[in-house]
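Enquirer: My structure is in upload.pdb, and what it holds is PDB, C-alpha atoms and all ligand atoms:
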MODEL        1
ATOM      1  CA  MET W   1      51.958-190.090 -55.534  1.00  0.00           C
ATOM      2  CA  LYS W   2      52.773-187.364 -58.033  1.00  0.00           C
ATOM      3  CA  GLU W   3      56.232-185.835 -58.302  1.00  0.00           C
ATOM      4  CA  TYR W   4      56.274-182.054 -57.991  1.00  0.00           C
ATOM      5  CA  LYS W   5      58.990-179.538 -58.861  1.00  0.00           C
ATOM      6  CA  LEU W   6      58.406-175.862 -58.132  1.00  0.00           C
ATOM      7  CA  THR W   7      60.833-173.658 -60.045  1.00  0.00           C
ATOM      8  CA  TYR W   8      61.421-170.045 -59.044  1.00  0.00           C
ATOM      9  CA  PHE W   9      64.144-167.611 -58.110  1.00  0.00           C
ATOM     10  CA  ASP W  10      65.876-167.872 -54.733  1.00  0.00           C
ATOM     11  CA  ILE W  11      63.346-165.620 -53.001  1.00  0.00           C
ATOM     12  CA  ARG W  12      59.924-166.017 -51.353  1.00  0.00           C
ATOM     13  CA  GLY W  13      58.168-163.796 -53.918  1.00  0.00           C
ATOM     14  CA  ARG W  14      55.414-165.433 -55.915  1.00  0.00           C
ATOM     15  CA  ALA W  15      56.388-169.010 -55.115  1.00  0.00           C
ATOM     16  CA  GLU W  16      56.212-168.902 -51.350  1.00  0.00           C
ATOM     17  CA  ILE W  17      52.476-169.394 -51.189  1.00  0.00           C
ATOM     18  CA  SER W  18      52.842-172.718 -53.031  1.00  0.00           C
ATOM     19  CA  ARG W  19      55.830-173.721 -50.918  1.00  0.00           C
ATOM     20  CA  LEU W  20      53.644-173.122 -47.859  1.00  0.00           C
ATOM     21  CA  VAL W  21      50.846-175.246 -49.336  1.00  0.00           C
ATOM     22  CA  PHE W  22      53.260-178.167 -49.826  1.00  0.00           C
ATOM     23  CA  VAL W  23      54.612-177.720 -46.319  1.00  0.00           C
ATOM     24  CA  ALA W  24      51.194-177.397 -44.649  1.00  0.00           C
ATOM     25  CA  ALA W  25      49.992-180.516 -46.505  1.00  0.00           C
ATOM     26  CA  GLY W  26      53.160-182.446 -45.641  1.00  0.00           C
ATOM     27  CA  VAL W  27      53.774-183.234 -49.317  1.00  0.00           C
ATOM     28  CA  ASP W  28      57.324-183.580 -50.645  1.00  0.00           C
ATOM     29  CA  PHE W  29      58.389-181.349 -53.516  1.00  0.00           C
ATOM     30  CA  THR W  30      61.565-180.204 -55.181  1.00  0.00           C
ATOM     31  CA  ASP W  31      62.150-176.589 -54.221  1.00  0.00           C
ATOM     32  CA  ASP W  32      64.023-175.668 -57.398  1.00  0.00           C
ATOM     33  CA  ARG W  33      65.569-172.226 -56.729  1.00  0.00           C
ATOM     34  CA  ILE W  34      67.400-171.001 -59.802  1.00  0.00           C
ATOM     35  CA  GLN W  35      70.087-168.324 -59.983  1.00  0.00           C
ATOM     36  CA  ARG W  36      69.406-165.208 -62.051  1.00  0.00           C
ATOM     37  CA  GLU W  37      72.242-166.119 -64.466  1.00  0.00           C
ATOM     38  CA  THR W  38      70.491-169.320 -65.534  1.00  0.00           C
ATOM     39  CA  TRP W  39      67.159-167.575 -66.213  1.00  0.00           C
ATOM     40  CA  PRO W  40      67.774-166.282 -69.770  1.00  0.00           C
ATOM     41  CA  ALA W  41      68.353-169.850 -71.010  1.00  0.00           C
ATOM     42  CA  LEU W  42      65.324-171.239 -69.190  1.00  0.00           C
ATOM     43  CA  LYS W  43      62.894-168.393 -69.981  1.00  0.00           C
ATOM     44  CA  PRO W  44      62.053-169.422 -73.591  1.00  0.00           C
ATOM     45  CA  LYS W  45      61.367-172.980 -72.416  1.00  0.00           C
ATOM     46  CA  THR W  46      58.680-171.908 -69.943  1.00  0.00           C
ATOM     47  CA  PRO W  47      54.985-171.637 -70.956  1.00  0.00           C
ATOM     48  CA  GLN W  48      54.693-167.867 -70.392  1.00  0.00           C
ATOM     49  CA  GLY W  49      58.329-166.729 -70.074  1.00  0.00           C
ATOM     50  CA  GLN W  50      57.926-166.210 -66.339  1.00  0.00           C
ATOM     51  CA  LEU W  51      58.355-167.971 -63.026  1.00  0.00           C
ATOM     52  CA  PRO W  52      57.117-169.670 -60.931  1.00  0.00           C
ATOM     53  CA  ILE W  53      56.294-172.852 -62.808  1.00  0.00           C
ATOM     54  CA  LEU W  54      55.154-176.163 -61.398  1.00  0.00           C
ATOM     55  CA  THR W  55      56.319-179.331 -63.145  1.00  0.00           C
ATOM     56  CA  ILE W  56      54.200-182.394 -62.407  1.00  0.00           C
ATOM     57  CA  ASP W  57      55.675-185.850 -62.966  1.00  0.00           C
ATOM     58  CA  GLY W  58      58.315-184.290 -65.213  1.00  0.00           C
ATOM     59  CA  THR W  59      55.796-183.614 -67.960  1.00  0.00           C
ATOM     60  CA  VAL W  60      52.943-181.197 -67.246  1.00  0.00           C
ATOM     61  CA  VAL W  61      54.126-177.627 -66.643  1.00  0.00           C
ATOM     62  CA  LEU W  62      51.840-175.027 -65.044  1.00  0.00           C
ATOM     63  CA  PRO W  63      52.667-171.304 -64.964  1.00  0.00           C
ATOM     64  CA  GLN W  64      50.950-168.527 -62.934  1.00  0.00           C
ATOM     65  CA  SER W  65      51.604-168.498 -59.216  1.00  0.00           C
ATOM     66  CA  LEU W  66      48.000-168.340 -58.051  1.00  0.00           C
ATOM     67  CA  ALA W  67      46.792-171.026 -60.457  1.00  0.00           C
ATOM     68  CA  ILE W  68      49.575-173.238 -59.114  1.00  0.00           C
ATOM     69  CA  ALA W  69      48.720-172.479 -55.479  1.00  0.00           C
ATOM     70  CA  ARG W  70      45.001-173.094 -56.049  1.00  0.00           C
ATOM     71  CA  PHE W  71      45.664-176.346 -57.875  1.00  0.00           C
ATOM     72  CA  LEU W  72      47.892-177.600 -55.067  1.00  0.00           C
ATOM     73  CA  ALA W  73      45.429-176.506 -52.402  1.00  0.00           C
ATOM     74  CA  MET W  74      42.650-178.401 -54.218  1.00  0.00           C
ATOM     75  CA  GLU W  75      44.853-181.466 -54.595  1.00  0.00           C
ATOM     76  CA  PHE W  76      45.762-181.517 -50.899  1.00  0.00           C
ATOM     77  CA  GLY W  77      42.396-180.533 -49.393  1.00  0.00           C
ATOM     78  CA  LEU W  78      43.451-177.042 -48.352  1.00  0.00           C
ATOM     79  CA  SER W  79      40.879-175.132 -50.351  1.00  0.00           C
ATOM     80  CA  GLY W  80      37.794-175.430 -48.164  1.00  0.00           C
ATOM     81  CA  LYS W  81      35.135-178.125 -48.025  1.00  0.00           C
ATOM     82  CA  ASN W  82      32.703-177.000 -50.722  1.00  0.00           C
ATOM     83  CA  ASN W  83      32.367-174.604 -53.647  1.00  0.00           C
ATOM     84  CA  LEU W  84      31.374-171.711 -51.406  1.00  0.00           C
ATOM     85  CA  GLU W  85      34.478-172.210 -49.270  1.00  0.00           C
ATOM     86  CA  HIS W  86      36.605-172.482 -52.448  1.00  0.00           C
ATOM     87  CA  ALA W  87      35.181-169.117 -53.501  1.00  0.00           C
ATOM     88  CA  GLN W  88      35.784-167.628 -50.045  1.00  0.00           C
ATOM     89  CA  CYS W  89      39.404-168.809 -50.267  1.00  0.00           C
ATOM     90  CA  ASP W  90      39.650-167.189 -53.704  1.00  0.00           C
ATOM     91  CA  VAL W  91      38.309-163.906 -52.352  1.00  0.00           C
ATOM     92  CA  ILE W  92      41.088-163.771 -49.775  1.00  0.00           C
ATOM     93  CA  VAL W  93      43.779-164.943 -52.201  1.00  0.00           C
ATOM     94  CA  GLN W  94      42.756-162.279 -54.738  1.00  0.00           C
ATOM     95  CA  THR W  95      42.774-159.678 -51.972  1.00  0.00           C
ATOM     96  CA  THR W  96      46.325-160.634 -51.007  1.00  0.00           C
ATOM     97  CA  GLU W  97      47.221-160.267 -54.675  1.00  0.00           C
ATOM     98  CA  ASP W  98      45.793-156.723 -54.683  1.00  0.00           C
ATOM     99  CA  LEU W  99      47.980-155.866 -51.677  1.00  0.00           C
ATOM    100  CA  ARG W 100      51.024-157.446 -53.333  1.00  0.00           C
ATOM    101  CA  ALA W 101      50.396-155.323 -56.443  1.00  0.00           C
ATOM    102  CA  GLU W 102      50.509-152.180 -54.275  1.00  0.00           C
ATOM    103  CA  TRP W 103      53.847-153.300 -52.807  1.00  0.00           C
ATOM    104  CA  VAL W 104      55.214-154.067 -56.293  1.00  0.00           C
ATOM    105  CA  LYS W 105      54.281-150.524 -57.381  1.00  0.00           C
ATOM    106  CA  VAL W 106      56.513-149.106 -54.627  1.00  0.00           C
ATOM    107  CA  PHE W 107      59.267-151.638 -55.281  1.00  0.00           C
ATOM    108  CA  ARG W 108      59.398-150.786 -59.001  1.00  0.00           C
ATOM    109  CA  GLU W 109      59.242-146.975 -58.620  1.00  0.00           C
ATOM    110  CA  PRO W 110      62.531-145.652 -60.064  1.00  0.00           C
ATOM    111  CA  ASP W 111      62.247-142.094 -58.695  1.00  0.00           C
ATOM    112  CA  GLU W 112      63.578-142.035 -55.100  1.00  0.00           C
ATOM    113  CA  THR W 113      61.428-139.110 -53.910  1.00  0.00           C
ATOM    114  CA  LYS W 114      58.280-140.667 -55.353  1.00  0.00           C
ATOM    115  CA  LYS W 115      59.246-144.026 -53.874  1.00  0.00           C
ATOM    116  CA  VAL W 116      59.441-142.531 -50.367  1.00  0.00           C
ATOM    117  CA  GLU W 117      56.007-140.940 -50.818  1.00  0.00           C
ATOM    118  CA  LEU W 118      54.514-144.187 -52.118  1.00  0.00           C
ATOM    119  CA  GLN W 119      56.074-146.181 -49.278  1.00  0.00           C
ATOM    120  CA  LYS W 120      54.565-143.775 -46.721  1.00  0.00           C
ATOM    121  CA  LYS W 121      51.128-144.102 -48.322  1.00  0.00           C
ATOM    122  CA  LEU W 122      51.522-147.873 -48.470  1.00  0.00           C
ATOM    123  CA  ILE W 123      52.272-148.243 -44.807  1.00  0.00           C
ATOM    124  CA  GLU W 124      49.959-145.525 -43.482  1.00  0.00           C
ATOM    125  CA  GLU W 125      46.899-146.127 -45.657  1.00  0.00           C
ATOM    126  CA  ILE W 126      47.040-149.137 -47.933  1.00  0.00           C
ATOM    127  CA  VAL W 127      48.403-151.823 -45.615  1.00  0.00           C
ATOM    128  CA  PRO W 128      45.974-150.809 -42.796  1.00  0.00           C
ATOM    129  CA  LYS W 129      43.069-150.982 -45.266  1.00  0.00           C
ATOM    130  CA  PHE W 130      43.989-154.544 -46.276  1.00  0.00           C
ATOM    131  CA  TRP W 131      44.858-155.717 -42.779  1.00  0.00           C
ATOM    132  CA  THR W 132      41.454-154.466 -41.633  1.00  0.00           C
ATOM    133  CA  ILE W 133      39.822-156.580 -44.343  1.00  0.00           C
ATOM    134  CA  PHE W 134      41.780-159.645 -43.198  1.00  0.00           C
ATOM    135  CA  GLN W 135      41.024-158.977 -39.547  1.00  0.00           C
ATOM    136  CA  ASP W 136      37.317-158.412 -40.219  1.00  0.00           C
ATOM    137  CA  THR W 137      37.247-161.751 -42.046  1.00  0.00           C
ATOM    138  CA  LEU W 138      38.702-163.423 -38.962  1.00  0.00           C
ATOM    139  CA  LYS W 139      36.222-161.660 -36.687  1.00  0.00           C
ATOM    140  CA  SER W 140      33.336-162.959 -38.783  1.00  0.00           C
ATOM    141  CA  ASN W 141      34.555-166.543 -38.427  1.00  0.00           C
ATOM    142  CA  SER W 142      34.809-167.944 -34.916  1.00  0.00           C
ATOM    143  CA  SER W 143      37.257-170.736 -35.887  1.00  0.00           C
ATOM    144  CA  GLY W 144      40.348-168.499 -35.898  1.00  0.00           C
ATOM    145  CA  TYR W 145      40.872-169.280 -39.592  1.00  0.00           C
ATOM    146  CA  MET W 146      39.955-167.221 -42.642  1.00  0.00           C
ATOM    147  CA  VAL W 147      37.561-169.760 -44.163  1.00  0.00           C
ATOM    148  CA  GLY W 148      35.661-172.628 -42.550  1.00  0.00           C
ATOM    149  CA  ASP W 149      37.056-174.288 -39.464  1.00  0.00           C
ATOM    150  CA  GLU W 150      40.531-175.316 -40.536  1.00  0.00           C
ATOM    151  CA  LEU W 151      43.655-174.003 -42.224  1.00  0.00           C
ATOM    152  CA  THR W 152      43.279-173.273 -45.939  1.00  0.00           C
ATOM    153  CA  LEU W 153      45.104-171.575 -48.757  1.00  0.00           C
ATOM    154  CA  ALA W 154      43.517-168.308 -47.570  1.00  0.00           C
ATOM    155  CA  ASP W 155      45.413-168.435 -44.265  1.00  0.00           C
ATOM    156  CA  LEU W 156      48.690-169.207 -46.028  1.00  0.00           C
ATOM    157  CA  ALA W 157      48.175-166.387 -48.537  1.00  0.00           C
ATOM    158  CA  VAL W 158      47.534-163.862 -45.770  1.00  0.00           C
ATOM    159  CA  TYR W 159      50.503-165.115 -43.756  1.00  0.00           C
ATOM    160  CA  ASP W 160      52.735-164.824 -46.813  1.00  0.00           C
ATOM    161  CA  VAL W 161      51.661-161.375 -47.993  1.00  0.00           C
ATOM    162  CA  MET W 162      52.103-159.928 -44.494  1.00  0.00           C
ATOM    163  CA  GLU W 163      55.675-161.114 -44.055  1.00  0.00           C
ATOM    164  CA  ILE W 164      57.408-158.051 -45.488  1.00  0.00           C
ATOM    165  CA  HIS W 165      55.340-155.489 -43.597  1.00  0.00           C
ATOM    166  CA  THR W 166      55.413-157.316 -40.257  1.00  0.00           C
ATOM    167  CA  ARG W 167      59.190-157.594 -40.559  1.00  0.00           C
ATOM    168  CA  ASP W 168      59.794-153.982 -41.621  1.00  0.00           C
ATOM    169  CA  TYR W 169      57.127-152.369 -39.399  1.00  0.00           C
ATOM    170  CA  PRO W 170      56.844-154.701 -36.398  1.00  0.00           C
ATOM    171  CA  GLU W 171      54.840-152.182 -34.345  1.00  0.00           C
ATOM    172  CA  LEU W 172      52.006-152.091 -36.862  1.00  0.00           C
ATOM    173  CA  ILE W 173      50.589-155.521 -36.057  1.00  0.00           C
ATOM    174  CA  LYS W 174      49.885-154.475 -32.460  1.00  0.00           C
ATOM    175  CA  GLY W 175      46.757-152.668 -33.669  1.00  0.00           C
ATOM    176  CA  TYR W 176      45.442-155.950 -35.130  1.00  0.00           C
ATOM    177  CA  PRO W 177      45.263-158.484 -32.273  1.00  0.00           C
ATOM    178  CA  GLN W 178      43.183-161.075 -34.126  1.00  0.00           C
ATOM    179  CA  LEU W 179      45.521-160.907 -37.092  1.00  0.00           C
ATOM    180  CA  GLN W 180      48.555-161.219 -34.848  1.00  0.00           C
ATOM    181  CA  ALA W 181      47.034-164.297 -33.182  1.00  0.00           C
ATOM    182  CA  HIS W 182      46.280-165.682 -36.639  1.00  0.00           C
ATOM    183  CA  ARG W 183      49.914-165.267 -37.717  1.00  0.00           C
ATOM    184  CA  GLU W 184      51.039-167.158 -34.645  1.00  0.00           C
ATOM    185  CA  ARG W 185      48.436-169.871 -35.230  1.00  0.00           C
ATOM    186  CA  VAL W 186      49.685-170.418 -38.795  1.00  0.00           C
ATOM    187  CA  ALA W 187      53.381-170.171 -37.939  1.00  0.00           C
ATOM    188  CA  ASN W 188      53.029-172.630 -35.055  1.00  0.00           C
ATOM    189  CA  LYS W 189      51.496-175.442 -37.082  1.00  0.00           C
ATOM    190  CA  PRO W 190      54.196-178.102 -36.597  1.00  0.00           C
ATOM    191  CA  ASN W 191      55.015-178.593 -40.306  1.00  0.00           C
ATOM    192  CA  ILE W 192      55.074-174.867 -40.934  1.00  0.00           C
ATOM    193  CA  LYS W 193      57.160-174.077 -37.870  1.00  0.00           C
ATOM    194  CA  LYS W 194      59.737-176.670 -38.897  1.00  0.00           C
ATOM    195  CA  TYR W 195      59.900-175.174 -42.390  1.00  0.00           C
ATOM    196  CA  LEU W 196      60.101-171.547 -41.237  1.00  0.00           C
ATOM    197  CA  ASP W 197      62.937-172.416 -38.851  1.00  0.00           C
ATOM    198  CA  LYS W 198      65.142-173.654 -41.692  1.00  0.00           C
ATOM    199  CA  ARG W 199      63.869-171.656 -44.644  1.00  0.00           C
ATOM    200  CA  PRO W 200      66.502-169.678 -46.593  1.00  0.00           C
ATOM    201  CA  VAL W 201      66.452-166.067 -45.408  1.00  0.00           C
ATOM    202  CA  THR W 202      65.747-163.718 -48.308  1.00  0.00           C
ATOM    203  CA  LEU W 203      64.762-160.054 -48.437  1.00  0.00           C
ATOM    204  CA  PHE W 204      61.346-160.704 -50.009  1.00  0.00           C
TER     205      PHE W 204
HETATM  206  N1  LIG W 301      51.205-163.312 -62.944  1.00  0.00           N
HETATM  207  C1  LIG W 301      52.421-164.058 -62.872  1.00  0.00           C
HETATM  208  C2  LIG W 301      53.577-163.081 -62.743  1.00  0.00           C
HETATM  209  C3  LIG W 301      54.878-163.826 -62.781  1.00  0.00           C
HETATM  210  C4  LIG W 301      56.059-162.888 -62.671  1.00  0.00           C
HETATM  211  O1  LIG W 301      55.931-161.644 -62.729  1.00  0.00           O
HETATM  212  N2  LIG W 301      57.238-163.516 -62.557  1.00  0.00           N
HETATM  213  C5  LIG W 301      58.461-162.753 -62.461  1.00  0.00           C
HETATM  214  C6  LIG W 301      59.132-163.018 -61.125  1.00  0.00           C
HETATM  215  S1  LIG W 301      58.089-162.572 -59.784  1.00  0.00           S
HETATM  216  C7  LIG W 301      59.406-163.226 -63.557  1.00  0.00           C
HETATM  217  O2  LIG W 301      59.348-164.355 -64.009  1.00  0.00           O
HETATM  218  N3  LIG W 301      60.297-162.340 -63.967  1.00  0.00           N
HETATM  219  C8  LIG W 301      61.314-162.641 -64.935  1.00  0.00           C
HETATM  220  C9  LIG W 301      60.889-162.306 -66.330  1.00  0.00           C
HETATM  221  O3  LIG W 301      59.746-161.852 -66.559  1.00  0.00           O
HETATM  222  O4  LIG W 301      61.718-162.500 -67.212  1.00  0.00           O
HETATM  223  C10 LIG W 301      52.376-165.029 -61.675  1.00  0.00           C
HETATM  224  O5  LIG W 301      51.699-164.703 -60.688  1.00  0.00           O
HETATM  225  O6  LIG W 301      53.002-166.081 -61.755  1.00  0.00           O
ENDMDL
END
Could you write out this file's structure as structure tokens?
Expert:
Amino acid sequence: MKEYKLTYFDIRGRAEISRLVFVAAGVDFTDDRIQRETWPALKPKTPQGQLPILTIDGTVVLPQSLAIARFLAMEFGLSGKNNLEHAQCDVIVQTTEDLRAEWVKVFREPDETKKVELQKKLIEEIVPKFWTIFQDTLKSNSSGYMVGDELTLADLAVYDVMEIHTRDYPELIKGYPQLQAHRERVANKPNIKKYLDKRPVTLF
């Protein structure tokens, strides 16, 4: 069995998807959450000067959050059963990344007035557009999962990217019954439920 260490800041951010893959697969890993003060010293030692990174057996170091998540999902059989399902997982993962990028735009906006405008657009137009895509994907697949007939990386990615908006705008999900049921299905998987119950609470 390989030894995995996932290094990131003490937030969900871009590492949570991989944490969820470990948890869903029931595979042990070191959840290495570093403090901001230690980052400047570590940064030059990382492959791309950014986190997250995955260290495998203390030697191989992978950067890029989605490459890490895909690798882990492939390793643990959470990436679909064939190449088409791998691609369908990728479609959903990339779509969650597009939604995350829209959120990051709002988060990084320095001008307060502009930020309020962007936030309004995000929640009134952009999030509904993406949630409709996710819900339509569920409707086209009778299993209750995004791809194939069991939980994959795609379900974890959607669960993860929706966390901020479902927390901050809890009413919104009521217009998306299949998506709401999907969130509950993912969150109630025994391994995931156990993890979510004790996970450090962070803003994002
Ligand atoms: N495309 C990269 C982006 C990584 C990224 O932006 N990491 C940020 C944290 S979310 C970071 O390391 N920031 C500190 C820095 O750049 O010095 C990925 O998905 O891993």
Enquirer: Using the chain letters and numbers from the file, which residues does the PyMOL selection byres (((chain W and resi 94) around 12) and not hetatm) grab, as a list in words?
Expert: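 Evaluating the PyMOL selection byres (((chain W and resi 94) around 12) and not hetatm) on these coordinates yields Ser65, Leu66, Ala67, Ala69, Arg70, Ala87, Gln88, Cys89, Asp90, Val91, Ile92, Val93, Thr95, Thr96, Glu97, Asp98, Leu99, Arg100, Ala101, Phe130, Phe134, Leu153, Ala154, Ala157, Val158 and Val161 of chain W.
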Enquirer: Evaluate the PyMOL selection byres (((not hetatm)) within 10 of (chain W and resi 301)) on the structure here and hand back the selected residues as a ChimeraX atom specification.
Expert: /W:8-9,11-15,36,39-40,42-44,46,48-53,62-69,97,104
Enquirer: From the list W:Ser18, W:Gln119, W:Asn188, W:Asn82, which residue is nearest Tyr169 (chain W) when using all atoms listed in the file?
Expert: W:Gln119
Enquirer: As AutoDock Vina command-line options, what would the box around region 123-128 of chain W look like: edges along x, y and z, 5 Å added on every side, centre and edge lengths in Å to one decimal?
Expert:
--center_x 49.1 --center_y -148.7 --center_z -45.4 --size_x 16.3 --size_y 16.3 --size_z 15.1
Enquirer: Could you list the residues chosen by the PyMOL selection byres (((chain W and resi 22) around 12) and not hetatm) in this structure as a PyMOL selection string?
Expert: chain W and resi 3-6+15-21+23-31+54+68-78+152-153+156+191-192+195
Enquirer: Near Leu138 (chain W), counting only C-alpha atoms, which residues have an atom at most 9 Å away, once you skip same-chain residues fewer than 5 positions from it, shown as a ChimeraX atom specification?
Expert: /W:133,143-147,178-179,182
Enquirer: I need the residues from that last selection saved to file as a PDB file, in the frame of the given file (with C-alpha atoms), if you can.
Expert:
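Result saved to out.pdb:
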ATOM      1  CA  ILE W 133      39.822-156.580 -44.343  1.00  0.00           C
ATOM      2  CA  SER W 143      37.257-170.736 -35.887  1.00  0.00           C
ATOM      3  CA  GLY W 144      40.348-168.499 -35.898  1.00  0.00           C
ATOM      4  CA  TYR W 145      40.872-169.280 -39.592  1.00  0.00           C
ATOM      5  CA  MET W 146      39.955-167.221 -42.642  1.00  0.00           C
ATOM      6  CA  VAL W 147      37.561-169.760 -44.163  1.00  0.00           C
ATOM      7  CA  GLN W 178      43.183-161.075 -34.126  1.00  0.00           C
ATOM      8  CA  LEU W 179      45.521-160.907 -37.092  1.00  0.00           C
ATOM      9  CA  HIS W 182      46.280-165.682 -36.639  1.00  0.00           C
TER      10      HIS W 182
END
Enquirer: One number please: CA of Ile123 (chain W) to CA of Glu102 (chain W), in Å, one decimal.
Expert: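 Computed distance, CA of Ile123 (chain W) to CA of Glu102 (chain W), equals 10.4 Å.
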Enquirer: Mind checking which residues fall within 12 Å of Gln180 (chain W), counting all atoms listed in the file, ignoring those fewer than 2 positions away in the same chain, and posting them as an MDAnalysis selection string?
Expert: chainID W and resid 131:132 134:135 138 144 158:159 162:163 166 170:178 182:187
Enquirer: List as a PyMOL selection string the residues having at least one atom at most 6 Å from position (63.3, -171.5, -57.7) as given in the file, counting all atoms listed in the file.
Expert: chain W and resi 7-10+32-34
Enquirer: Would you please work out which residue, of W:Glu85, W:Met1, W:Leu122, W:Leu196, is nearest to Asp160 (chain W) when using all atoms listed in the file?
Expert: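 For Asp160 (chain W), the nearest of the candidates is W:Leu196.
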Enquirer: Report, in Å to a single decimal, how far apart CA of Ile164 (chain W) and CA of Ser140 (chain W) are.
Expert: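 Separation between CA of Ser140 (chain W) and CA of Ile164 (chain W): 25.5 Å.
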Enquirer: W:Lys198, W:Lys115, W:Ala181, W:Val127: which is nearest Lys139 (chain W), counting all atoms listed in the file?
Expert: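 For Lys139 (chain W), the nearest of the given residues is W:Ala181.
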Enquirer: Just to confirm, what's the straight-line distance from CA of Lys2 (chain W) to CA of Ser79 (chain W) in Å (one decimal)?
Expert: 18.7 Å
Enquirer: Kindly add N, CA and C atoms to the incomplete region 49-63 of chain W and provide the output as a JSON list (two decimals), in the coordinates of the input.
Expert:
[["chain", "number", "residue", "atom", "x", "y", "z"],
["W", 49, "GLY", "N", 57.11, -167.54, -70.21],
["W", 49, "GLY", "CA", 58.33, -166.73, -70.07],
["W", 49, "GLY", "C", 58.50, -166.13, -68.69],
["W", 50, "GLN", "N", 57.80, -166.72, -67.71],
["W", 50, "GLN", "CA", 57.93, -166.21, -66.34],
["W", 50, "GLN", "C", 57.93, -167.35, -65.34],
["W", 51, "LEU", "N", 58.39, -167.03, -64.14],
["W", 51, "LEU", "CA", 58.36, -167.97, -63.03],
["W", 51, "LEU", "C", 57.43, -167.40, -61.95],
["W", 52, "PRO", "N", 56.83, -168.25, -61.11],
["W", 52, "PRO", "CA", 57.12, -169.67, -60.93],
["W", 52, "PRO", "C", 56.43, -170.56, -61.97],
["W", 53, "ILE", "N", 56.97, -171.78, -62.09],
["W", 53, "ILE", "CA", 56.29, -172.85, -62.81],
["W", 53, "ILE", "C", 56.29, -174.10, -61.93],
["W", 54, "LEU", "N", 55.24, -174.89, -62.10],
["W", 54, "LEU", "CA", 55.15, -176.16, -61.40],
["W", 54, "LEU", "C", 55.24, -177.28, -62.42],
["W", 55, "THR", "N", 56.20, -178.17, -62.25],
["W", 55, "THR", "CA", 56.32, -179.33, -63.14],
["W", 55, "THR", "C", 55.79, -180.55, -62.40],
["W", 56, "ILE", "N", 54.84, -181.23, -63.04],
["W", 56, "ILE", "CA", 54.20, -182.39, -62.41],
["W", 56, "ILE", "C", 54.63, -183.65, -63.15],
["W", 57, "ASP", "N", 55.20, -184.58, -62.40],
["W", 57, "ASP", "CA", 55.68, -185.85, -62.97],
["W", 57, "ASP", "C", 56.60, -185.63, -64.17],
["W", 58, "GLY", "N", 57.32, -184.54, -64.16],
["W", 58, "GLY", "CA", 58.32, -184.29, -65.21],
["W", 58, "GLY", "C", 57.73, -183.96, -66.56],
["W", 59, "THR", "N", 56.41, -183.84, -66.64],
["W", 59, "THR", "CA", 55.80, -183.61, -67.96],
["W", 59, "THR", "C", 54.92, -182.37, -68.02],
["W", 60, "VAL", "N", 53.88, -182.34, -67.20],
["W", 60, "VAL", "CA", 52.94, -181.20, -67.25],
["W", 60, "VAL", "C", 53.59, -179.99, -66.56],
["W", 61, "VAL", "N", 53.53, -178.83, -67.23],
["W", 61, "VAL", "CA", 54.13, -177.63, -66.64],
["W", 61, "VAL", "C", 53.06, -176.54, -66.52],
["W", 62, "LEU", "N", 52.83, -176.09, -65.29],
["W", 62, "LEU", "CA", 51.84, -175.03, -65.04],
["W", 62, "LEU", "C", 52.55, -173.72, -64.71],
["W", 63, "PRO", "N", 52.18, -172.62, -65.38],
["W", 63, "PRO", "CA", 52.67, -171.30, -64.96],
["W", 63, "PRO", "C", 51.60, -170.63, -64.07]]
